[in-house]
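Chemist: So here's data26.pdb (PDB, C-alpha atoms and all ligand atoms).
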ATOM      1  CA  MET A 287     105.856 111.539 106.506
ATOM      2  CA  PHE A 288     106.149 113.377 109.825
ATOM      3  CA  SER A 289     107.549 116.884 109.493
ATOM      4  CA  GLN A 290     111.258 117.353 110.205
ATOM      5  CA  ASN A 291     110.349 119.036 113.488
ATOM      6  CA  HIS A 292     108.129 116.172 114.520
ATOM      7  CA  LEU A 293     110.806 113.632 113.596
ATOM      8  CA  LYS A 294     113.200 115.500 115.840
ATOM      9  CA  GLU A 295     110.687 115.490 118.674
ATOM     10  CA  ILE A 296     109.956 111.786 118.184
ATOM     11  CA  ARG A 297     113.689 111.067 118.352
ATOM     12  CA  GLY A 298     113.682 112.902 121.679
ATOM     13  CA  LEU A 299     110.645 110.993 122.925
ATOM     14  CA  LEU A 300     112.303 107.671 122.098
ATOM     15  CA  LYS A 301     115.201 108.688 124.354
ATOM     16  CA  THR A 302     113.132 109.925 127.296
ATOM     17  CA  LYS A 303     109.995 107.787 127.407
ATOM     18  CA  LYS A 304     110.327 104.561 129.336
ATOM     19  CA  ASN A 305     107.071 102.694 128.830
ATOM     20  CA  ILE A 306     106.418 102.332 125.152
ATOM     21  CA  LEU A 307     103.332 100.555 123.889
ATOM     22  CA  ILE A 308     102.716  99.429 120.330
ATOM     23  CA  LEU A 309      99.054  98.954 119.507
ATOM     24  CA  THR A 310      97.307  97.616 116.468
ATOM     25  CA  HIS A 311      93.763  96.870 115.429
ATOM     26  CA  GLN A 312      91.168  94.233 116.323
ATOM     27  CA  ASN A 313      91.479  91.008 114.285
ATOM     28  CA  PRO A 314      95.111  91.757 113.412
ATOM     29  CA  ASP A 315      96.229  90.890 109.885
ATOM     30  CA  GLY A 316      99.655  90.512 108.298
ATOM     31  CA  ASP A 317     100.196  94.246 108.040
ATOM     32  CA  ALA A 318      99.105  94.886 111.637
ATOM     33  CA  ILE A 319     101.346  92.181 113.121
ATOM     34  CA  GLY A 320     104.187  92.826 110.649
ATOM     35  CA  SER A 321     104.325  96.574 111.297
ATOM     36  CA  SER A 322     104.061  96.136 115.080
ATOM     37  CA  LEU A 323     106.827  93.530 115.230
ATOM     38  CA  GLY A 324     108.940  95.391 112.671
ATOM     39  CA  LEU A 325     108.789  98.546 114.785
ATOM     40  CA  GLN A 326     109.466  96.584 117.973
ATOM     41  CA  HIS A 327     112.575  94.923 116.505
ATOM     42  CA  PHE A 328     113.758  98.338 115.354
ATOM     43  CA  LEU A 329     113.294  99.823 118.835
ATOM     44  CA  THR A 330     115.078  96.809 120.331
ATOM     45  CA  ASN A 331     117.991  97.483 117.990
ATOM     46  CA  LEU A 332     118.115 101.002 119.451
ATOM     47  CA  ASN A 333     118.108  99.420 122.940
ATOM     48  CA  ILE A 334     114.579 100.633 123.594
ATOM     49  CA  ARG A 335     112.111  98.296 125.259
ATOM     50  CA  SER A 336     108.504  98.158 124.079
ATOM     51  CA  THR A 337     105.388  96.040 124.479
ATOM     52  CA  ILE A 338     102.979  95.055 121.718
ATOM     53  CA  ILE A 339      99.318  94.706 122.661
ATOM     54  CA  VAL A 340      96.656  93.533 120.237
ATOM     55  CA  PRO A 341      92.955  93.557 121.184
ATOM     56  CA  ASN A 342      92.314  89.907 120.331
ATOM     57  CA  GLU A 343      93.880  86.724 118.986
ATOM     58  CA  PHE A 344      95.583  86.713 115.577
ATOM     59  CA  PRO A 345      95.801  83.905 113.009
ATOM     60  CA  LYS A 346      98.250  81.021 113.369
ATOM     61  CA  PHE A 347      99.819  81.706 109.983
ATOM     62  CA  LEU A 348     101.328  84.909 111.422
ATOM     63  CA  LYS A 349     102.828  83.326 114.532
ATOM     64  CA  TRP A 350     106.094  82.324 112.869
ATOM     65  CA  MET A 351     107.254  85.927 112.708
ATOM     66  CA  PRO A 352     110.209  86.655 114.984
ATOM     67  CA  ASN A 353     108.975  87.575 118.501
ATOM     68  CA  ALA A 354     105.296  86.991 117.658
ATOM     69  CA  LYS A 355     105.131  84.820 120.786
ATOM     70  CA  ASN A 356     105.701  87.864 122.978
ATOM     71  CA  ILE A 357     102.715  89.787 121.655
ATOM     72  CA  ILE A 358     100.171  90.393 124.404
ATOM     73  CA  ILE A 359      96.582  89.471 123.548
ATOM     74  CA  GLY A 360      94.587  92.118 125.433
ATOM     75  CA  GLU A 361      91.505  89.948 125.665
ATOM     76  CA  TYR A 362      93.386  87.172 127.509
ATOM     77  CA  ARG A 363      95.747  89.292 129.618
ATOM     78  CA  THR A 364      93.356  91.894 131.024
ATOM     79  CA  LYS A 365      95.327  92.689 134.201
ATOM     80  CA  PHE A 366      98.624  93.056 132.346
ATOM     81  CA  THR A 367      96.927  95.199 129.703
ATOM     82  CA  GLU A 368      95.393  97.477 132.277
ATOM     83  CA  ILE A 369      98.747  98.073 133.977
ATOM     84  CA  ALA A 370     100.453  98.561 130.606
ATOM     85  CA  PHE A 371      97.975 101.285 129.655
ATOM     86  CA  ASN A 372      98.180 102.952 133.050
ATOM     87  CA  THR A 373     101.950 103.202 132.929
ATOM     88  CA  ALA A 374     102.444 103.859 129.188
ATOM     89  CA  ASP A 375     104.032 107.213 128.384
ATOM     90  CA  LEU A 376     104.347 106.716 124.618
ATOM     91  CA  ILE A 377     101.932 104.785 122.396
ATOM     92  CA  PHE A 378     102.472 103.893 118.751
ATOM     93  CA  CYS A 379      99.178 103.276 116.945
ATOM     94  CA  LEU A 380      99.810 101.185 113.849
ATOM     95  CA  ASP A 381      97.499 100.223 110.971
ATOM     96  CA  PHE A 382      94.387 101.825 112.496
ATOM     97  CA  ASN A 383      93.435 105.441 112.950
ATOM     98  CA  THR A 384      90.388 105.567 115.156
ATOM     99  CA  ALA A 385      90.034 104.174 118.673
ATOM    100  CA  SER A 386      86.928 102.166 117.816
ATOM    101  CA  ARG A 387      89.134  99.848 115.727
ATOM    102  CA  ILE A 388      90.751  98.479 118.885
ATOM    103  CA  ASN A 389      87.428  97.411 120.328
ATOM    104  CA  HIS A 390      87.522  96.830 124.098
ATOM    105  CA  LEU A 391      90.766  98.824 124.396
ATOM    106  CA  GLU A 392      89.099 101.962 123.010
ATOM    107  CA  SER A 393      88.456 103.714 126.326
ATOM    108  CA  LYS A 394      91.913 102.768 127.619
ATOM    109  CA  LEU A 395      93.521 104.494 124.646
ATOM    110  CA  ASN A 396      91.241 107.530 124.903
ATOM    111  CA  GLU A 397      91.895 107.936 128.630
ATOM    112  CA  SER A 398      95.644 107.410 128.397
ATOM    113  CA  LYS A 399      97.795 110.480 129.000
ATOM    114  CA  ALA A 400     100.623 109.013 126.937
ATOM    115  CA  VAL A 401     101.961 110.755 123.850
ATOM    116  CA  LYS A 402     100.302 109.086 120.861
ATOM    117  CA  ILE A 403     101.978 108.534 117.510
ATOM    118  CA  LEU A 404      99.988 107.360 114.507
ATOM    119  CA  ILE A 405     101.399 105.507 111.510
ATOM    120  CA  ASP A 406      98.579 104.351 109.253
ATOM    121  CA  HIS A 407      97.149 104.262 105.734
ATOM    122  CA  HIS A 408      93.375 104.302 106.317
ATOM    123  CA  GLN A 409      91.097 107.235 105.526
ATOM    124  CA  GLU A 410      89.883 109.919 107.932
ATOM    125  CA  PRO A 411      92.213 109.609 110.937
ATOM    126  CA  ASP A 412      91.315 110.850 114.435
ATOM    127  CA  PRO A 413      93.640 113.497 115.884
ATOM    128  CA  PHE A 414      96.894 112.137 117.419
ATOM    129  CA  ASN A 415      99.892 113.989 118.888
ATOM    130  CA  TYR A 416     101.998 112.931 115.922
ATOM    131  CA  THR A 417     100.439 111.737 112.701
ATOM    132  CA  TYR A 418     101.886 109.971 109.696
ATOM    133  CA  SER A 419      98.775 109.173 107.702
ATOM    134  CA  ASP A 420      98.916 108.481 103.975
ATOM    135  CA  THR A 421      96.169 106.615 102.134
ATOM    136  CA  SER A 422      98.356 106.255  99.047
ATOM    137  CA  GLN A 423     100.632 103.873 100.944
ATOM    138  CA  PRO A 424      99.750 100.221 100.359
ATOM    139  CA  ALA A 425     100.764  99.006 103.803
ATOM    140  CA  THR A 426     101.629 100.324 107.239
ATOM    141  CA  CYS A 427     104.734  98.135 106.976
ATOM    142  CA  GLN A 428     105.911 100.251 104.061
ATOM    143  CA  MET A 429     105.338 103.353 106.204
ATOM    144  CA  VAL A 430     107.290 101.915 109.132
ATOM    145  CA  TYR A 431     110.184 101.307 106.720
ATOM    146  CA  LYS A 432     110.001 104.922 105.541
ATOM    147  CA  PHE A 433     109.779 106.136 109.133
ATOM    148  CA  ILE A 434     112.978 104.273 110.028
ATOM    149  CA  GLU A 435     114.599 105.706 106.903
ATOM    150  CA  ALA A 436     113.436 109.240 107.788
ATOM    151  CA  LEU A 437     115.015 108.841 111.224
ATOM    152  CA  GLY A 438     118.265 108.091 109.373
ATOM    153  CA  GLU A 439     118.454 104.654 110.965
ATOM    154  CA  ASP A 440     118.278 102.349 107.927
ATOM    155  CA  SER A 441     121.450 100.655 109.098
ATOM    156  CA  LYS A 442     119.453  99.257 112.043
ATOM    157  CA  ILE A 443     117.187  97.277 109.718
ATOM    158  CA  ASP A 444     118.091  93.638 110.167
ATOM    159  CA  LYS A 445     116.711  90.331 108.948
ATOM    160  CA  ASN A 446     114.024  90.187 111.660
ATOM    161  CA  ILE A 447     112.660  93.614 110.770
ATOM    162  CA  ALA A 448     112.900  92.755 107.087
ATOM    163  CA  TYR A 449     110.825  89.572 107.456
ATOM    164  CA  CYS A 450     108.119  91.406 109.424
ATOM    165  CA  LEU A 451     107.823  94.373 107.070
ATOM    166  CA  TYR A 452     108.028  92.189 103.969
ATOM    167  CA  THR A 453     105.119  90.091 105.241
ATOM    168  CA  GLY A 454     102.773  93.036 105.780
ATOM    169  CA  MET A 455     103.655  94.516 102.411
ATOM    170  CA  LEU A 456     102.984  91.168 100.764
ATOM    171  CA  THR A 457      99.600  90.626 102.451
ATOM    172  CA  ASP A 458      98.235  94.184 102.142
ATOM    173  CA  THR A 459      99.032  94.333  98.425
ATOM    174  CA  GLY A 460      97.457  90.935  97.747
ATOM    175  CA  GLY A 461     100.861  89.553  96.798
ATOM    176  CA  PHE A 462     101.878  92.785  94.990
ATOM    177  CA  ARG A 463      98.855  92.578  92.724
ATOM    178  CA  PHE A 464      96.649  95.459  93.920
ATOM    179  CA  ARG A 465      96.958  98.851  92.245
ATOM    180  CA  ASN A 466      98.356 100.327  95.455
ATOM    181  CA  THR A 467     101.591  98.432  94.706
ATOM    182  CA  THR A 468     104.085 101.005  93.473
ATOM    183  CA  ALA A 469     107.625 101.180  92.178
ATOM    184  CA  GLU A 470     108.549 102.386  95.656
ATOM    185  CA  THR A 471     106.981  99.234  97.144
ATOM    186  CA  HIS A 472     109.253  97.095  94.982
ATOM    187  CA  ARG A 473     112.303  99.215  95.784
ATOM    188  CA  ILE A 474     111.646  98.723  99.497
ATOM    189  CA  ILE A 475     110.982  95.024  98.974
ATOM    190  CA  ALA A 476     114.308  94.801  97.155
ATOM    191  CA  SER A 477     116.139  96.349 100.072
ATOM    192  CA  LEU A 478     114.359  94.040 102.528
ATOM    193  CA  MET A 479     115.494  91.087 100.432
ATOM    194  CA  GLU A 480     119.029  92.411 100.649
ATOM    195  CA  LYS A 481     118.695  92.047 104.420
ATOM    196  CA  GLY A 482     118.127  88.333 103.947
ATOM    197  CA  VAL A 483     114.439  87.722 103.285
ATOM    198  CA  TYR A 484     113.712  84.576 101.295
ATOM    199  CA  PRO A 485     110.340  85.050  99.563
ATOM    200  CA  ASP A 486     109.543  81.339  99.550
ATOM    201  CA  ILE A 487     109.828  81.185 103.334
ATOM    202  CA  VAL A 488     107.225  83.949 103.760
ATOM    203  CA  ALA A 489     105.012  82.482 101.050
ATOM    204  CA  SER A 490     105.093  79.023 102.614
ATOM    205  CA  HIS A 491     103.971  80.416 105.980
ATOM    206  CA  ILE A 492     101.269  82.664 104.545
ATOM    207  CA  LEU A 493      99.972  80.477 101.724
ATOM    208  CA  ASP A 494     100.663  76.847 102.560
ATOM    209  CA  CYS A 495      98.957  76.830 105.909
ATOM    210  CA  ASN A 496      95.743  74.957 105.198
ATOM    211  CA  THR A 497      94.178  72.435 107.501
ATOM    212  CA  PRO A 498      91.923  69.834 105.814
ATOM    213  CA  GLU A 499      88.947  71.570 107.500
ATOM    214  CA  ARG A 500      89.892  74.932 106.049
ATOM    215  CA  LEU A 501      90.123  73.471 102.554
ATOM    216  CA  LYS A 502      86.659  71.954 102.980
ATOM    217  CA  LEU A 503      85.360  75.309 104.203
ATOM    218  CA  LEU A 504      86.894  76.850 101.093
ATOM    219  CA  GLY A 505      85.042  74.240  99.032
ATOM    220  CA  THR A 506      81.806  75.275 100.735
ATOM    221  CA  VAL A 507      82.324  78.982 100.114
ATOM    222  CA  LEU A 508      83.254  78.353  96.474
ATOM    223  CA  ASP A 509      80.066  76.362  96.132
ATOM    224  CA  SER A 510      78.126  79.397  97.401
ATOM    225  CA  ILE A 511      79.352  81.724  94.645
ATOM    226  CA  GLU A 512      76.610  83.636  92.924
ATOM    227  CA  LEU A 513      77.330  85.842  89.924
ATOM    228  CA  ILE A 514      75.617  89.004  88.763
ATOM    229  CA  PRO A 515      77.231  89.190  85.328
ATOM    230  CA  GLU A 516      75.754  92.531  84.245
ATOM    231  CA  LYS A 517      77.314  94.090  87.353
ATOM    232  CA  LYS A 518      80.526  92.048  87.096
ATOM    233  CA  THR A 519      79.898  91.068  90.687
ATOM    234  CA  ALA A 520      80.458  87.863  92.654
ATOM    235  CA  ILE A 521      78.759  87.076  95.968
ATOM    236  CA  LEU A 522      80.108  84.526  98.460
ATOM    237  CA  SER A 523      78.607  83.548 101.782
ATOM    238  CA  LEU A 524      79.012  81.243 104.779
ATOM    239  CA  THR A 525      76.527  80.410 107.495
ATOM    240  CA  ARG A 526      77.332  79.811 111.154
ATOM    241  CA  GLU A 527      76.405  76.178 110.708
ATOM    242  CA  GLN A 528      78.941  75.733 107.905
ATOM    243  CA  LEU A 529      81.653  77.453 109.938
ATOM    244  CA  LEU A 530      81.017  75.148 112.881
ATOM    245  CA  LYS A 531      80.882  72.064 110.681
ATOM    246  CA  PHE A 532      84.451  72.707 109.511
ATOM    247  CA  LYS A 533      85.762  73.742 112.942
ATOM    248  CA  TYR A 534      86.310  77.389 112.006
ATOM    249  CA  GLN A 535      89.477  78.931 113.433
ATOM    250  CA  LYS A 536      90.305  82.615 113.361
ATOM    251  CA  GLY A 537      91.883  83.452 110.026
ATOM    252  CA  ASP A 538      90.362  80.483 108.179
ATOM    253  CA  THR A 539      88.261  82.686 105.897
ATOM    254  CA  GLU A 540      91.170  85.051 105.188
ATOM    255  CA  GLY A 541      91.414  85.570 101.435
ATOM    256  CA  PHE A 542      88.169  83.772 100.562
ATOM    257  CA  VAL A 543      86.721  86.980  99.086
ATOM    258  CA  ASN A 544      89.565  87.097  96.570
ATOM    259  CA  TYR A 545      88.300  83.944  94.854
ATOM    260  CA  GLY A 546      85.287  85.962  93.713
ATOM    261  CA  LEU A 547      87.619  88.481  92.153
ATOM    262  CA  SER A 548      89.581  85.763  90.377
ATOM    263  CA  ILE A 549      86.586  84.941  88.174
ATOM    264  CA  ILE A 550      86.816  86.156  84.603
ATOM    265  CA  ASN A 551      84.933  89.440  84.048
ATOM    266  CA  VAL A 552      84.345  90.006  87.751
ATOM    267  CA  ASN A 553      85.636  93.236  89.272
ATOM    268  CA  PHE A 554      83.638  93.390  92.479
ATOM    269  CA  SER A 555      83.512  90.604  95.053
ATOM    270  CA  ALA A 556      81.486  90.554  98.260
ATOM    271  CA  PHE A 557      81.786  87.941 101.003
ATOM    272  CA  PHE A 558      79.134  87.671 103.727
ATOM    273  CA  MET A 559      79.621  85.547 106.796
ATOM    274  CA  GLU A 560      77.618  85.007 109.967
ATOM    275  CA  ASP A 561      79.695  85.949 113.002
ATOM    276  CA  LEU A 562      80.162  83.129 115.487
ATOM    277  CA  GLN A 563      80.200  85.279 118.598
ATOM    278  CA  HIS A 564      77.911  88.166 117.758
ATOM    279  CA  ASP A 565      74.597  88.642 116.103
ATOM    280  CA  PHE A 566      75.753  90.299 112.905
ATOM    281  CA  ILE A 567      77.067  89.577 109.433
ATOM    282  CA  LYS A 568      80.728  90.238 108.746
ATOM    283  CA  ILE A 569      81.354  91.525 105.241
ATOM    284  CA  SER A 570      84.460  91.775 103.033
ATOM    285  CA  PHE A 571      84.546  93.698  99.789
ATOM    286  CA  ARG A 572      87.226  93.588  97.106
ATOM    287  CA  SER A 573      87.358  95.387  93.792
ATOM    288  CA  LYS A 574      89.659  95.860  90.845
ATOM    289  CA  GLY A 575      90.603  99.257  89.453
ATOM    290  CA  GLN A 576      88.752 102.438  90.331
ATOM    291  CA  PHE A 577      85.592 101.162  91.999
ATOM    292  CA  ASP A 578      85.897 102.426  95.580
ATOM    293  CA  VAL A 579      84.685  99.748  98.009
ATOM    294  CA  ASN A 580      85.696 101.926 100.957
ATOM    295  CA  GLN A 581      83.084 104.520  99.958
ATOM    296  CA  PHE A 582      80.595 101.784  99.115
ATOM    297  CA  SER A 583      80.974 100.133 102.508
ATOM    298  CA  ARG A 584      80.867 103.421 104.418
ATOM    299  CA  LYS A 585      77.681 104.375 102.626
ATOM    300  CA  TYR A 586      75.757 101.115 102.944
ATOM    301  CA  PHE A 587      77.407  98.686 105.363
ATOM    302  CA  ASN A 588      78.874 100.586 108.359
ATOM    303  CA  GLY A 589      82.404  99.819 107.310
ATOM    304  CA  GLY A 590      85.354 101.155 105.412
ATOM    305  CA  GLY A 591      88.933 100.433 104.483
ATOM    306  CA  HIS A 592      90.687 101.132 101.256
ATOM    307  CA  ILE A 593      89.739 101.733  97.656
ATOM    308  CA  ASN A 594      90.064  98.058  96.639
ATOM    309  CA  ALA A 595      89.593  96.322  99.987
ATOM    310  CA  ALA A 596      87.121  97.111 102.722
ATOM    311  CA  GLY A 597      85.147  95.520 105.509
ATOM    312  CA  GLY A 598      81.634  96.084 106.711
ATOM    313  CA  ARG A 599      78.859  94.666 108.823
ATOM    314  CA  SER A 600      75.141  94.208 108.796
ATOM    315  CA  GLU A 601      72.656  93.616 111.589
ATOM    316  CA  LEU A 602      70.190  91.944 109.225
ATOM    317  CA  SER A 603      70.067  88.185 108.702
ATOM    318  CA  LEU A 604      72.463  86.665 106.169
ATOM    319  CA  GLU A 605      69.665  86.259 103.660
ATOM    320  CA  ASP A 606      68.358  89.814 104.080
ATOM    321  CA  THR A 607      71.873  91.237 103.921
ATOM    322  CA  VAL A 608      72.461  89.587 100.553
ATOM    323  CA  ILE A 609      69.093  90.861  99.313
ATOM    324  CA  LYS A 610      69.971  94.374 100.497
ATOM    325  CA  PHE A 611      73.326  94.108  98.718
ATOM    326  CA  LYS A 612      71.724  93.008  95.465
ATOM    327  CA  THR A 613      69.179  95.831  95.616
ATOM    328  CA  ILE A 614      71.940  98.384  96.120
ATOM    329  CA  ILE A 615      74.175  97.193  93.319
ATOM    330  CA  GLU A 616      71.198  97.192  90.980
ATOM    331  CA  LYS A 617      71.388 100.993  91.159
ATOM    332  CA  GLU A 618      75.139 101.403  91.765
ATOM    333  CA  THR A 619      77.188 101.562  88.623
ATOM    334  CA  HIS A 620      80.806 100.575  88.933
ATOM    335  CA  GLU A 621      82.757 100.866  85.750
ATOM    336  CA  VAL A 622      86.205  99.440  85.900
ATOM    337  CA  PRO A 623      88.708  99.452  83.077
TER     338      PRO A 623
HETATM  339 MN    MN B 701      97.206  97.764 106.555
END
Go through the file and emit its structure as structure tokens.
Ligand SMILES: [Mn+2]

Modeler:
Amino acid sequence: MFSQNHLKEIRGLLKTKKNILILTHQNPDGDAIGSSLGLQHFLTNLNIRSTIIVPNEFPKFLKWMPNAKNIIIGEYRTKFTEIAFNTADLIFCLDFNTASRINHLESKLNESKAVKILIDHHQEPDPFNYTYSDTSQPATCQMVYKFIEALGEDSKIDKNIAYCLYTGMLTDTGGFRFRNTTAETHRIIASLMEKGVYPDIVASHILDCNTPERLKLLGTVLDSIELIPEKKTAILSLTREQLLKFKYQKGDTEGFVNYGLSIINVNFSAFFMEDLQHDFIKISFRSKGQFDVNQFSRKYFNGGGHINAAGGRSELSLEDTVIKFKTIIEKETHEVP
């Protein structure tokens, strides 16, 4: 948490700063959108105006969240975004900790003279004016809750905030199944439910959002599964052609990597997918237990993330990337209880 002094200063900043921006990372997920909207609703409840900007479009299954419609997509609203950055005097950076994670907005953030406040749970943060960075936290949403609590403003948490924070905590813990889920997570979830969250409503938005095309794409990726039993590893892949065939929409492949991990005796799952816009392979890694996919991805696939969930990329072809991966895990040992 921020130090007591910093909390006091932040309280002061919230009173004096007039143009508050809330930023989150490229390809926003449930935690990114949930924490941004949760913080915005909180600020609104304090009568403080703010604007949320995300670098690019976010999946449809997150658009039901209260006020999601007002989120500015930087890629589409370039003029607005430029003005917003030029006039911002306070910027909250949520669920990312290095400017490269916001893609085309990177230089705008670096050049901005605004006071910058970081709330995030990824490793190795850049320097910010105020930093609340804690890799033991399962979700930025959980940290936003604790931030509100530390400000002594829990009474301002309403149903809207509760739905947003609940969603990010649900998605970043894999439905409260990852090891990062703690007793504290459940205590916070309990208090969010007391504010009126119905779990089935969130689950129906997040889980029951398939189009027929997405289900067929899922069928294709399941068909691609390759197992390396002696390494307890599953490999999944999708080609550009397959993505186009099933009319790929942003977010469609969300969660596919977890199917690898659901196989008996598998504790490491890797999903490789040809990017539709760029000439590289997008990679997702998931693990169970102590095997650190963040370190693995940093070391071999220009990526990173968390201990049990990380992303990466490769400039090789899909085929060569999978070969490279297999060669590496031949020598990597990952023992998981
Ligand atoms: Mn997160």

Chemist: Decode the PyMOL selection byres (((not hetatm)) within 7 of (chain B and resi 701)) for the given file into explicit residues and return them as a list in words.

Modeler: Asp317, Ala318, Asp381, His407, Ala425, Thr426 and Asp458 of chain A

Chemist: Mind dumping a table of every range 306-418 of chain A residue within 12 Å of range 564-581 of chain A, with the nearest atom pair and its distance in Å to one decimal, using only C-alpha atoms, sorted by chain and rising number, as JSON lines?

Modeler:
{"residue": "A:His408", "atom": "CA", "partner": "A:Asn580", "partner_atom": "CA", "distance": 9.7}
{"residue": "A:Gln409", "atom": "CA", "partner": "A:Asn580", "partner_atom": "CA", "distance": 8.8}
{"residue": "A:Glu410", "atom": "CA", "partner": "A:Asn580", "partner_atom": "CA", "distance": 11.4}

Chemist: Any idea what's packed within 12 Å of range 551-553 of chain A, counting all atoms listed in the file, ignoring anything in its chain fewer than 3 positions away? Could you give it as a count of residues only?

Modeler: 34

Chemist: Restricting the calculation to only C-alpha atoms, which member of A:Leu456, A:Leu524, A:Leu300, A:Leu293 is positioned closest to Lys432 in chain A?

Modeler: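 Result for the nearest residue to Lys432 in chain A: A:Leu293.
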
Chemist: Which residues fall under the PyMOL selection byres (((chain A and resi 392) around 12) and not hetatm) in this file, as a tab-separated table (two decimals) with C-alpha atoms, in the coordinates of the input?

Modeler:
chain	number	residue	atom	x	y	z
A	309	LEU	CA	99.05	98.95	119.51
A	310	THR	CA	97.31	97.62	116.47
A	311	HIS	CA	93.76	96.87	115.43
A	312	GLN	CA	91.17	94.23	116.32
A	340	VAL	CA	96.66	93.53	120.24
A	341	PRO	CA	92.96	93.56	121.18
A	360	GLY	CA	94.59	92.12	125.43
A	371	PHE	CA	97.98	101.28	129.66
A	379	CYS	CA	99.18	103.28	116.94
A	382	PHE	CA	94.39	101.82	112.50
A	383	ASN	CA	93.44	105.44	112.95
A	384	THR	CA	90.39	105.57	115.16
A	385	ALA	CA	90.03	104.17	118.67
A	386	SER	CA	86.93	102.17	117.82
A	387	ARG	CA	89.13	99.85	115.73
A	388	ILE	CA	90.75	98.48	118.88
A	389	ASN	CA	87.43	97.41	120.33
A	390	HIS	CA	87.52	96.83	124.10
A	391	LEU	CA	90.77	98.82	124.40
A	393	SER	CA	88.46	103.71	126.33
A	394	LYS	CA	91.91	102.77	127.62
A	395	LEU	CA	93.52	104.49	124.65
A	396	ASN	CA	91.24	107.53	124.90
A	397	GLU	CA	91.90	107.94	128.63
A	398	SER	CA	95.64	107.41	128.40

Chemist: CA of Pro424 in chain A to CA of His592 in chain A: how many Å, to one decimal?

Modeler: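 According to the coordinates, CA of Pro424 in chain A and CA of His592 in chain A are separated by 9.2 Å.
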
Chemist: Can you translate the PyMOL selection byres (((chain A and resi 415) around 10) and not hetatm) into the concrete residues it hits in this file, as a list in words?

Modeler: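 Applied to this file, the PyMOL selection byres (((chain A and resi 415) around 10) and not hetatm) selects His292, Ala400, Val401, Lys402, Ile403, Leu404, Pro413, Phe414, Tyr416 and Thr417 of chain A.
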
Chemist: Could you check which of A:Ala354, A:Leu329, A:Leu522, A:Ile443 is closest to Lys481 in chain A, using all atoms listed in the file?

Modeler: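 Of A:Ala354, A:Leu329, A:Leu522, A:Ile443, the one nearest Lys481 in chain A is A:Ile443, counting all atoms listed in the file.
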
Chemist: For CA of Ile338 in chain A and CA of Ile358 in chain A, quote the distance in Å rounded to one decimal.

Modeler: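 The value is 6.1 Å.
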
Chemist: What does the distance between CA of Gln535 in chain A and CA of Asn353 in chain A come to in Å, to one decimal place?

Modeler: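 Value for the CA of Gln535 in chain A-CA of Asn353 in chain A distance: 21.9 Å.
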
Chemist: Under the rule that all atoms listed in the file are counted, which of A:Lys399, A:Lys304, A:Lys442, A:Arg473 is the nearest residue to Gln428 in chain A?

Modeler: A:Arg473

Chemist: Go through A:Asp486, A:Gln563, A:Pro314, A:Met429 one by one, measure the shortest atom-to-atom distance of each to Ile474 in chain A using all atoms listed in the file, and give the residue with the smallest value.

Modeler: A:Met429
